[in-house]
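Written below as structure tokens is the structure these notes are about.
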Amino acid sequence: MNAPSMNSMQRTLTALGQQEPDRVPLFLLTTLHGARELGLSIEEYFSRSEHVIEGQMRLLKKYGGDCLYPFFYAPIETEAWGGEVVYLPDGPPNAGPPIIRSAQAIDHLEPPRVMESPCLVRVLETIRELKARVGDTVPIIGVAISPFSLPVMQMGFDRYLELIYEQPERFEHLMRVNEAFTVEWANAQLAAGATAICYFDPISSTTNIPRDLYLKTGQQVARRTLARIKGPTATHLASGRVLPILNDIADTGTAVVGVSALEDLAELKAAANRRVSLLGNLNGIEMRRWTPEQAEAAVKTAIAKAGRGGGFLLGDNHGEIPWQVPEDVLLAIGEATRRWGRYPLDWIE
């Protein structure tokens, strides 16, 4: 017997409570596709909160997902620090030249104030209006780059790794400055109406650094930062491997972990052991070339591996679906979730 129908918020909260809702929640993290819906360039689309509000509402209705995702683009955070944003015609905007040009500059670095940053205020306006439209029926997911991962955009990957290994005192100072910004930014989004914060932390992945370094750096930063964020968080490693540190991430107090297509969902679900819920792990890169039939098969496989017992949100593995993923594939993912994700999942052998 199927569970009674739920709205998106009820469905999500039930799954996060490690119970089975009416069906598997679908977190279809489409951002750039809103520009296509409105017939705008990506740069024009993100220039006004009204565009993103309308785009998110259209995408929610069209694909039948279970969340709104008012994420603009990753370098919006370094833009607030005075950085440049490089727009592309068919992909997410990138960060321009580093804003920290020497390690010595860290000594005098001060975080920007969120309410004095026009780019961040646009995001808050978007969240506020989305909340006014959906109330408590649909989760609204805010985004904050972790203080530990933000320096890749602030100063470049190579110089940041040198800082971690060679100048630990300056590294700690940079973390304290970044933590102040991340906490203010995350809490401003929650105050505007976000249900939870996606804490993007790809540098913590064992794809990028060894576990022992994570335990001394990224995990400590996450413990301090998440403790000051006034709402639930989901930690996402943006396609990076997570299995070797899954329980270490759970120790930071996060509620959800975004998981990679590089790892097996059944193994991840067993390792999570009801301590955290999982979000993933459809391969966004391969998704660009899927047929609708392949999309359905991928959805079925993911649900079969991780759907039972709740604690699972179906989504892509990176936290942002590429511009090149066609409409028919996204429609097929939504339809397959509604067909195969309905509990009690008695079709699974």
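Residue numbering restarts at 1 in every chain; chains get A, B, ... in the order shown in the structure tokens, and ligands count up from 1 in that same order.
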
Could you give me, as a JSON list (two decimals) with C-alpha atoms, in the first residue's frame, the residues within 10 Å of A:Ala306, counting only C-alpha atoms and dropping anything in the same chain fewer than 6 positions from it?
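Result file around-v1.json:
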```
[["chain", "number", "residue", "atom", "x", "y", "z"],
["A", 24, "VAL", "CA", 11.88, 9.56, -3.07],
["A", 264, "ASP", "CA", 28.80, 3.23, -5.21],
["A", 265, "LEU", "CA", 25.54, 4.42, -3.67],
["A", 266, "ALA", "CA", 24.88, 1.15, -1.88],
["A", 267, "GLU", "CA", 28.28, 1.38, -0.15],
["A", 268, "LEU", "CA", 27.64, 5.01, 0.74],
["A", 269, "LYS", "CA", 24.19, 4.23, 2.16],
["A", 270, "ALA", "CA", 25.63, 1.45, 4.33],
["A", 277, "SER", "CA", 21.15, 11.45, 4.60],
["A", 278, "LEU", "CA", 22.58, 11.23, 1.09],
["A", 279, "LEU", "CA", 22.02, 13.48, -1.93],
["A", 280, "GLY", "CA", 23.05, 12.18, -5.34],
["A", 281, "ASN", "CA", 24.47, 10.69, -7.37],
["A", 312, "PHE", "CA", 18.00, 9.60, 0.43],
["A", 313, "LEU", "CA", 17.38, 12.55, -1.88],
["A", 314, "LEU", "CA", 17.82, 11.86, -5.59]]
```

For this session: Show which residues sit within 12 Å of A:Glu79, as a list of chain:residue names. Count only C-alpha atoms, and ignore same-chain residues fewer than 5 positions away.
Result: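 Once the adjacent positions are removed, what remains is A:Phe72, A:Tyr73, A:Ala74, A:Glu84, A:Val85, A:Val86, A:Pro93, A:Asn94, A:Ala95, A:Gly96, A:Pro97, A:Pro98, A:Ile99, A:Pro111, A:Pro112, A:Val114, A:Ser117, A:Pro118, A:Cys119, A:Leu120, A:Leu150, A:Met153, A:Gln154.
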
Atoms kept (C-alpha atoms) for selection, written as a JSON list (two decimals), in the first residue's frame:
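File written: part.json
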```json
[["chain", "number", "residue", "atom", "x", "y", "z"],
["A", 72, "PHE", "CA", 23.33, 32.13, -8.79],
["A", 73, "TYR", "CA", 26.99, 31.16, -9.38],
["A", 74, "ALA", "CA", 29.99, 30.24, -7.24],
["A", 84, "GLU", "CA", 35.62, 39.79, -11.25],
["A", 85, "VAL", "CA", 33.06, 37.38, -12.72],
["A", 86, "VAL", "CA", 33.69, 35.90, -16.16],
["A", 93, "PRO", "CA", 30.22, 31.95, -14.62],
["A", 94, "ASN", "CA", 33.81, 31.65, -13.49],
["A", 95, "ALA", "CA", 35.94, 33.67, -11.10],
["A", 96, "GLY", "CA", 38.34, 36.17, -12.63],
["A", 97, "PRO", "CA", 41.89, 36.90, -11.37],
["A", 98, "PRO", "CA", 42.56, 36.10, -7.70],
["A", 99, "ILE", "CA", 41.63, 38.82, -5.21],
["A", 111, "PRO", "CA", 35.33, 40.21, 5.01],
["A", 112, "PRO", "CA", 32.72, 42.16, 3.06],
["A", 114, "VAL", "CA", 26.61, 40.96, 3.14],
["A", 117, "SER", "CA", 27.14, 43.74, -1.41],
["A", 118, "PRO", "CA", 24.64, 44.33, -4.26],
["A", 119, "CYS", "CA", 25.31, 40.90, -5.80],
["A", 120, "LEU", "CA", 24.51, 39.12, -2.52],
["A", 150, "LEU", "CA", 36.64, 29.55, -0.88],
["A", 153, "MET", "CA", 38.77, 31.28, -5.96],
["A", 154, "GLN", "CA", 40.37, 33.89, -3.71]]
```

Problem set entry | Within 8 Å of stretch 178-187 of chain A using only C-alpha atoms, minus same-chain residues under 2 positions, as number ranges by chain | A: 111-114, 142-148, 150, 174-176, 189-191, 197, 221, 225-226, 228-231

Problem set entry | Spatial neighbours of A:Pro244, 12 Å, only C-alpha atoms, chain gap at least 6 places, as JSON, numbers by chain | {"A": [204, 205, 206, 207, 209, 210, 211, 212, 214, 215, 250, 259, 263, 267, 268, 271, 272]}

For this session: Run DSSP on the backbone and give me the residues of stretch 97-265 of chain A it puts in helix (DSSP H, G or I), as a PyMOL selection string.
Result: chain A and resi 103-108+114-116+118-134+151-155+157-166+168-192+202-204+211-216+218-228+243-250+265

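Candidate residues A:Glu125, A:Asp248, A:Asp316, A:Glu54 were compared for distance to A:Thr30, and the nearest is A:Asp316, using only C-alpha atoms.
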
Problem set entry | Residues flagged strand (DSSP E) by DSSP in stretch 24-256 of chain A, as a list in words |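 Answer for stretch 24-256 of chain A restricted to strand (DSSP E) is Leu26, Phe27, Val85, Val86, Asn94, Ala95, Ile141, Gly142, Val143, Ala144, Ile145, Ala196, Ile197, Cys198, Tyr199, Phe200, Thr233, Ala234, Thr235, His236 and Val256 of chain A.
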
Exercise. Near A:Ile106, counting only C-alpha atoms, which residues have an atom at most 8 Å away, once you skip same-chain residues fewer than 6 positions from it, shown as a PyMOL selection string?
Worked result: chain A and resi 100+170+173-174

Write out the residues from the selection above, keeping C-alpha atoms, as a short mmCIF file (atom, residue, chain, number, x, y, z; two decimals), in the first residue's frame.
```cif
data_model
loop_
_atom_site.label_atom_id
_atom_site.label_comp_id
_atom_site.auth_asym_id
_atom_site.auth_seq_id
_atom_site.Cartn_x
_atom_site.Cartn_y
_atom_site.Cartn_z
CA ILE A 100 44.46 37.74 -2.87
CA ARG A 170 48.39 32.71 7.88
CA HIS A 173 43.98 33.72 9.92
CA LEU A 174 42.42 33.34 6.47
#
```

Problem set entry | Spatial neighbours of A:Ser5, 12 Å, only C-alpha atoms, chain gap at least 6 places, as a ChimeraX atom specification | /A:11,20-24,338,342-343

For this session: Quote the spacing between atom CA of A:Trp323 and atom CA of A:Thr126 in Å to one decimal place.
Result: 20.8 Å

Seminar exercise, completed: re atom CA of A:Ile249 and atom CA of A:Gly193: distance 25.6 Å
